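K.L.:
Just passing along the structure, written as structure tokens.
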Amino acid sequence: MTETKLYIARHGRTMFNTIGRIQGWCDTPLTTVGEEGIRQLGLGLKDAGLSFNVAVSSDLGRTVQTITIAQREMGILGGIPYYQDKRIREWCFGSYEGMYDADLFSGVLPRINGIAEGSGMTFEEIANGIYEADSAKWAETWEQLSGRILDGFTTIAQDLEKQGGGNAFVVSHGMTIATLVQLLEPERPKDLALDNGSVTVLTYKDDQFTVETVGDMSYRARGAEIIAELEAK
């Protein structure tokens, strides 16, 4: 059986990413800069000679836009199966959706959790703090959030494995991917940050994930070189 791998990309840079607003289940489209970054990603993946058996994104617009651009640049759009899985959505921030990042993470959450600003919070503390304070009651508990993220990615890997293995190209979200990595490797730094268009690679074997790389920007860097070479001609 062929090895089963997930190449998990964070979506391209969006309007809310650019102005520093919380973007969980709410959605804004990729900016022109964000689209260009994903063009780079697709070209870099193609240049690396990678082949994919399936493409999967969350059901939010920014990941759908991202996976469409990347597949087009790789030349595989419409050529491999593609589906959406809402379990690999970003965190839900409830009534804090659209708030400025700094107001939530440096203001609201430290007060709720009784943690001094700058000392850092675990993902579990962040999730449960949001759940406790969410007046809309849309946010998830840590158990709900971590459970659906792990279940979503595991199902993608298991389904691919049943079909003989290979590579899945997956587009998800920054905190979702970071949460997955933390669940698999709790010893990693808790302030894990992933750039737009970065790639995290997981291998799945014997019902377990192995984290190969986290937040790899080399594919985007190579894609940027290719675009520069084309423009110089």
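Just so we're on the same page: first chain in the structure tokens is A, next is B, and so on; residues restart at 1 for each chain, and ligands are numbered from 1 in the order they show up.
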Determine, for each residue of region 123-222 of chain A having at least one atom at most 9 Å from an atom of region 69-90 of chain A, the closest pair of atoms and their separation in Å to one decimal, counting only C-alpha atoms; order by chain and ascending number, as a Markdown table.

P.N.:
| residue | atom | partner | partner_atom | distance |
| --- | --- | --- | --- | --- |
| A:Leu145 | CA | A:Arg87 | CA | 9.0 |
| A:Arg148 | CA | A:Arg87 | CA | 5.4 |
| A:Ile149 | CA | A:Ile88 | CA | 5.5 |
| A:Leu150 | CA | A:Ile88 | CA | 8.5 |
| A:Asp151 | CA | A:Arg87 | CA | 7.5 |
| A:Gly152 | CA | A:Arg87 | CA | 5.0 |
| A:Phe153 | CA | A:Ile88 | CA | 7.0 |
| A:Ile156 | CA | A:Asp85 | CA | 8.9 |
| A:Val171 | CA | A:Ile88 | CA | 8.7 |
| A:Ser172 | CA | A:Ile88 | CA | 6.1 |
| A:His173 | CA | A:Glu90 | CA | 5.3 |
| A:Gly174 | CA | A:Glu90 | CA | 7.4 |
| A:Met175 | CA | A:Glu90 | CA | 6.5 |
| A:Thr176 | CA | A:Glu90 | CA | 5.3 |
| A:Ile177 | CA | A:Ile88 | CA | 8.5 |

K.L.:
So that I have them on file, write out the residues from the current selection with N, CA and C atoms, as a PDB file, in the first residue's frame.

P.N.:
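Generated file (out34.pdb):
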ATOM      1  N   LEU A 145     -14.483  21.205  20.216  1.00  0.00           N
ATOM      2  CA  LEU A 145     -13.582  21.758  19.213  1.00  0.00           C
ATOM      3  C   LEU A 145     -12.464  20.783  18.858  1.00  0.00           C
ATOM      4  N   ARG A 148     -13.826  17.503  17.075  1.00  0.00           N
ATOM      5  CA  ARG A 148     -14.238  17.564  15.664  1.00  0.00           C
ATOM      6  C   ARG A 148     -13.037  17.798  14.749  1.00  0.00           C
ATOM      7  N   ILE A 149     -12.014  18.539  15.216  1.00  0.00           N
ATOM      8  CA  ILE A 149     -10.817  18.750  14.402  1.00  0.00           C
ATOM      9  C   ILE A 149     -10.083  17.433  14.187  1.00  0.00           C
ATOM     10  N   LEU A 150      -9.824  16.716  15.263  1.00  0.00           N
ATOM     11  CA  LEU A 150      -9.105  15.446  15.153  1.00  0.00           C
ATOM     12  C   LEU A 150      -9.904  14.434  14.337  1.00  0.00           C
ATOM     13  N   ASP A 151     -11.208  14.402  14.545  1.00  0.00           N
ATOM     14  CA  ASP A 151     -12.067  13.483  13.808  1.00  0.00           C
ATOM     15  C   ASP A 151     -12.063  13.798  12.317  1.00  0.00           C
ATOM     16  N   GLY A 152     -12.108  15.087  11.977  1.00  0.00           N
ATOM     17  CA  GLY A 152     -12.144  15.489  10.579  1.00  0.00           C
ATOM     18  C   GLY A 152     -10.906  15.056   9.818  1.00  0.00           C
ATOM     19  N   PHE A 153      -9.733  15.378  10.357  1.00  0.00           N
ATOM     20  CA  PHE A 153      -8.490  15.033   9.665  1.00  0.00           C
ATOM     21  C   PHE A 153      -8.238  13.523   9.662  1.00  0.00           C
ATOM     22  N   ILE A 156     -10.282  11.978   6.870  1.00  0.00           N
ATOM     23  CA  ILE A 156      -9.665  12.206   5.562  1.00  0.00           C
ATOM     24  C   ILE A 156      -8.556  11.178   5.315  1.00  0.00           C
ATOM     25  N   VAL A 171      -6.907  22.028   2.510  1.00  0.00           N
ATOM     26  CA  VAL A 171      -6.812  23.443   2.868  1.00  0.00           C
ATOM     27  C   VAL A 171      -7.710  23.704   4.073  1.00  0.00           C
ATOM     28  N   SER A 172      -7.100  24.202   5.143  1.00  0.00           N
ATOM     29  CA  SER A 172      -7.835  24.473   6.379  1.00  0.00           C
ATOM     30  C   SER A 172      -7.414  25.851   6.902  1.00  0.00           C
ATOM     31  N   HIS A 173      -7.383  26.004   8.219  1.00  0.00           N
ATOM     32  CA  HIS A 173      -7.253  27.311   8.854  1.00  0.00           C
ATOM     33  C   HIS A 173      -6.132  27.320   9.888  1.00  0.00           C
ATOM     34  N   GLY A 174      -5.614  28.515  10.171  1.00  0.00           N
ATOM     35  CA  GLY A 174      -4.448  28.646  11.029  1.00  0.00           C
ATOM     36  C   GLY A 174      -4.569  28.014  12.397  1.00  0.00           C
ATOM     37  N   MET A 175      -5.596  28.393  13.159  1.00  0.00           N
ATOM     38  CA  MET A 175      -5.726  27.854  14.508  1.00  0.00           C
ATOM     39  C   MET A 175      -6.165  26.398  14.496  1.00  0.00           C
ATOM     40  N   THR A 176      -6.905  26.018  13.466  1.00  0.00           N
ATOM     41  CA  THR A 176      -7.321  24.618  13.352  1.00  0.00           C
ATOM     42  C   THR A 176      -6.118  23.714  13.123  1.00  0.00           C
ATOM     43  N   ILE A 177      -5.238  24.110  12.199  1.00  0.00           N
ATOM     44  CA  ILE A 177      -4.042  23.309  11.925  1.00  0.00           C
ATOM     45  C   ILE A 177      -3.128  23.290  13.147  1.00  0.00           C
TER      46      ILE A 177
END

K.L.:
Mind listing the helix (DSSP H, G or I) residues of region 112-158 of chain A, per DSSP on the backbone, as an MDAnalysis selection string?

P.N.:
chainID A and resid 112:113 123:133 142:158

K.L.:
Would you mind writing down, as an MDAnalysis selection string, each residue of chain A that DSSP on the backbone assigns to strand (DSSP E)?

P.N.:
chainID A and resid 4:10 54:57 82:84 166:172 199:205 208:216

K.L.:
Would you mind listing what lies within 6 Å of Val199 (chain A) as a PyMOL selection string, with only C-alpha atoms counted and same-chain residues fewer than 4 positions away left out?

P.N.:
chain A and resi 8-9+215-216

K.L.:
To one decimal place, how far is CA of Ser51 (chain A) from CA of Thr213 (chain A) in Å?

P.N.:
17.8 Å

K.L.:
Calculate how many Å separate CA of Arg13 (chain A) from CA of Gly49 (chain A), rounding to one decimal.

P.N.:
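We find that CA of Arg13 (chain A) and CA of Gly49 (chain A) lie 24.9 Å from each other.
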
K.L.:
Could you please determine the separation between CA of Leu41 (chain A) and CA of Ala221 (chain A) in Å, to one decimal place?

P.N.:
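It comes out at 7.9 Å.
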
K.L.:
Got a sec: who's within 10 Å of Ala139 (chain A), counting only C-alpha atoms, leaving out chain neighbours fewer than 5 positions off, as a PyMOL selection string?

P.N.:
chain A and resi 25+91-97+127-134+144-145

K.L.:
Please, could you write that set of residues out with C-alpha atoms as a PDB file, in the first residue's frame?

P.N.:
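Wrote again25.pdb, looks like this:
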ATOM      1  CA  TRP A  25     -16.805  30.875  11.106  1.00  0.00           C
ATOM      2  CA  TRP A  91     -12.569  27.755  15.512  1.00  0.00           C
ATOM      3  CA  CYS A  92     -15.939  29.375  16.165  1.00  0.00           C
ATOM      4  CA  PHE A  93     -15.484  32.598  18.153  1.00  0.00           C
ATOM      5  CA  GLY A  94     -19.202  33.133  18.686  1.00  0.00           C
ATOM      6  CA  SER A  95     -20.140  36.736  19.469  1.00  0.00           C
ATOM      7  CA  TYR A  96     -16.454  37.709  19.223  1.00  0.00           C
ATOM      8  CA  GLU A  97     -16.356  37.065  15.480  1.00  0.00           C
ATOM      9  CA  ALA A 127     -11.435  27.767  23.859  1.00  0.00           C
ATOM     10  CA  ASN A 128     -13.111  27.450  27.234  1.00  0.00           C
ATOM     11  CA  GLY A 129     -12.713  31.174  27.914  1.00  0.00           C
ATOM     12  CA  ILE A 130     -14.483  32.015  24.656  1.00  0.00           C
ATOM     13  CA  TYR A 131     -17.192  29.454  25.389  1.00  0.00           C
ATOM     14  CA  GLU A 132     -17.789  30.877  28.872  1.00  0.00           C
ATOM     15  CA  ALA A 133     -17.992  34.491  27.700  1.00  0.00           C
ATOM     16  CA  ASP A 134     -19.862  34.014  24.411  1.00  0.00           C
ATOM     17  CA  GLN A 144     -16.170  19.738  21.095  1.00  0.00           C
ATOM     18  CA  LEU A 145     -13.582  21.758  19.213  1.00  0.00           C
TER      19      LEU A 145
END

K.L.:
Excluding Glu3 (chain A) and any residue of its chain fewer than 2 positions from it, enumerate the residues within 12 Å of it, using only C-alpha atoms, and give them as a compact mmCIF listing (two decimals) with N, CA and C atoms, in the first residue's frame.

P.N.:
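The resulting around.txt:
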# COMPACT_ATOMS: atom_id res chain seq x y z
N MET A 1 0.84 -1.20 0.00
CA MET A 1 0.00 0.00 0.00
C MET A 1 0.88 1.25 0.00
N LYS A 5 -0.36 10.44 3.09
CA LYS A 5 0.12 11.72 3.60
C LYS A 5 -0.92 12.81 3.36
N LEU A 6 -1.02 13.71 4.34
CA LEU A 6 -1.85 14.90 4.20
C LEU A 6 -0.94 16.11 4.09
N ASN A 53 -4.08 12.55 -4.79
CA ASN A 53 -5.19 11.65 -5.10
C ASN A 53 -6.54 12.26 -4.81
N ALA A 157 -7.70 10.99 6.32
CA ALA A 157 -6.59 10.05 6.19
C ALA A 157 -7.08 8.61 6.06
N GLN A 158 -8.05 8.24 6.86
CA GLN A 158 -8.57 6.87 6.82
C GLN A 158 -9.24 6.56 5.48
N LEU A 160 -8.60 7.94 2.60
CA LEU A 160 -7.56 7.83 1.58
C LEU A 160 -6.81 6.51 1.70
N GLU A 161 -6.54 6.11 2.93
CA GLU A 161 -5.85 4.85 3.17
C GLU A 161 -6.65 3.67 2.62
N LYS A 162 -7.96 3.71 2.82
CA LYS A 162 -8.83 2.63 2.32
C LYS A 162 -8.79 2.52 0.80
N GLN A 163 -8.48 3.64 0.15
CA GLN A 163 -8.42 3.65 -1.31
C GLN A 163 -7.02 3.35 -1.85
N GLY A 164 -6.13 2.93 -0.94
CA GLY A 164 -4.78 2.56 -1.36
C GLY A 164 -3.70 3.54 -0.98
N GLY A 165 -4.07 4.62 -0.28
CA GLY A 165 -3.08 5.60 0.17
C GLY A 165 -2.78 6.64 -0.88
N GLY A 166 -1.68 7.36 -0.68
CA GLY A 166 -1.32 8.45 -1.57
C GLY A 166 -1.34 9.77 -0.82
N ASN A 167 -1.41 10.86 -1.56
CA ASN A 167 -1.35 12.20 -0.98
C ASN A 167 -2.70 12.91 -1.08
N ALA A 168 -3.08 13.58 0.00
CA ALA A 168 -4.26 14.44 0.01
C ALA A 168 -3.80 15.88 0.12
N LEU A 202 1.53 15.65 7.36
CA LEU A 202 1.32 14.54 8.29
C LEU A 202 1.34 13.22 7.53
N THR A 203 1.97 12.22 8.12
CA THR A 203 1.91 10.86 7.60
C THR A 203 0.97 10.05 8.48
N TYR A 204 0.14 9.20 7.86
CA TYR A 204 -0.81 8.39 8.62
C TYR A 204 -0.52 6.91 8.39
N LYS A 205 -0.29 6.20 9.50
CA LYS A 205 0.02 4.77 9.42
C LYS A 205 -0.34 4.10 10.73
N ASP A 206 -0.90 2.90 10.66
CA ASP A 206 -1.26 2.13 11.86
C ASP A 206 -2.13 2.95 12.80
N PHE A 209 -1.05 9.43 13.40
CA PHE A 209 -0.40 10.47 12.62
C PHE A 209 1.03 10.68 13.10
N THR A 210 1.91 10.98 12.17
CA THR A 210 3.26 11.45 12.48
C THR A 210 3.40 12.82 11.83

K.L.:
Find the residue from A:Val56, A:Asp103, A:Gly120, A:Pro186 that sits nearest to Thr155 (chain A); use only C-alpha atoms when measuring.

P.N.:
A:Val56

K.L.:
Measuring between only C-alpha atoms, which one of A:Leu194, A:Thr179, A:Glu225, A:Phe169 shows the shortest distance to Thr4 (chain A)?

P.N.:
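Of the candidates, the smallest distance to Thr4 (chain A) is held by A:Phe169.
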
K.L.:
Please list as a PyMOL selection string every residue within 10 Å of Phe105 (chain A), counting only C-alpha atoms and excluding residues in the same chain fewer than 4 positions away.

P.N.:
chain A and resi 22+100-101+109-111+117-118+120-121+126

K.L.:
Ranking A:Glu143, A:Met15, A:Gly44, A:Lys137 by minimum distance to Glu125 (chain A) and counting only C-alpha atoms, which one comes first?

P.N.:
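Ranking A:Glu143, A:Met15, A:Gly44, A:Lys137 by distance to Glu125 (chain A), first place goes to A:Glu143.
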
K.L.:
Using only C-alpha atoms, which of the listed residues (A:Cys26, A:Ala136, A:Leu184, A:Ala232) sits closest to Glu212 (chain A)?

P.N.:
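Between A:Cys26, A:Ala136, A:Leu184, A:Ala232, the residue approaching Glu212 (chain A) most closely is A:Leu184.
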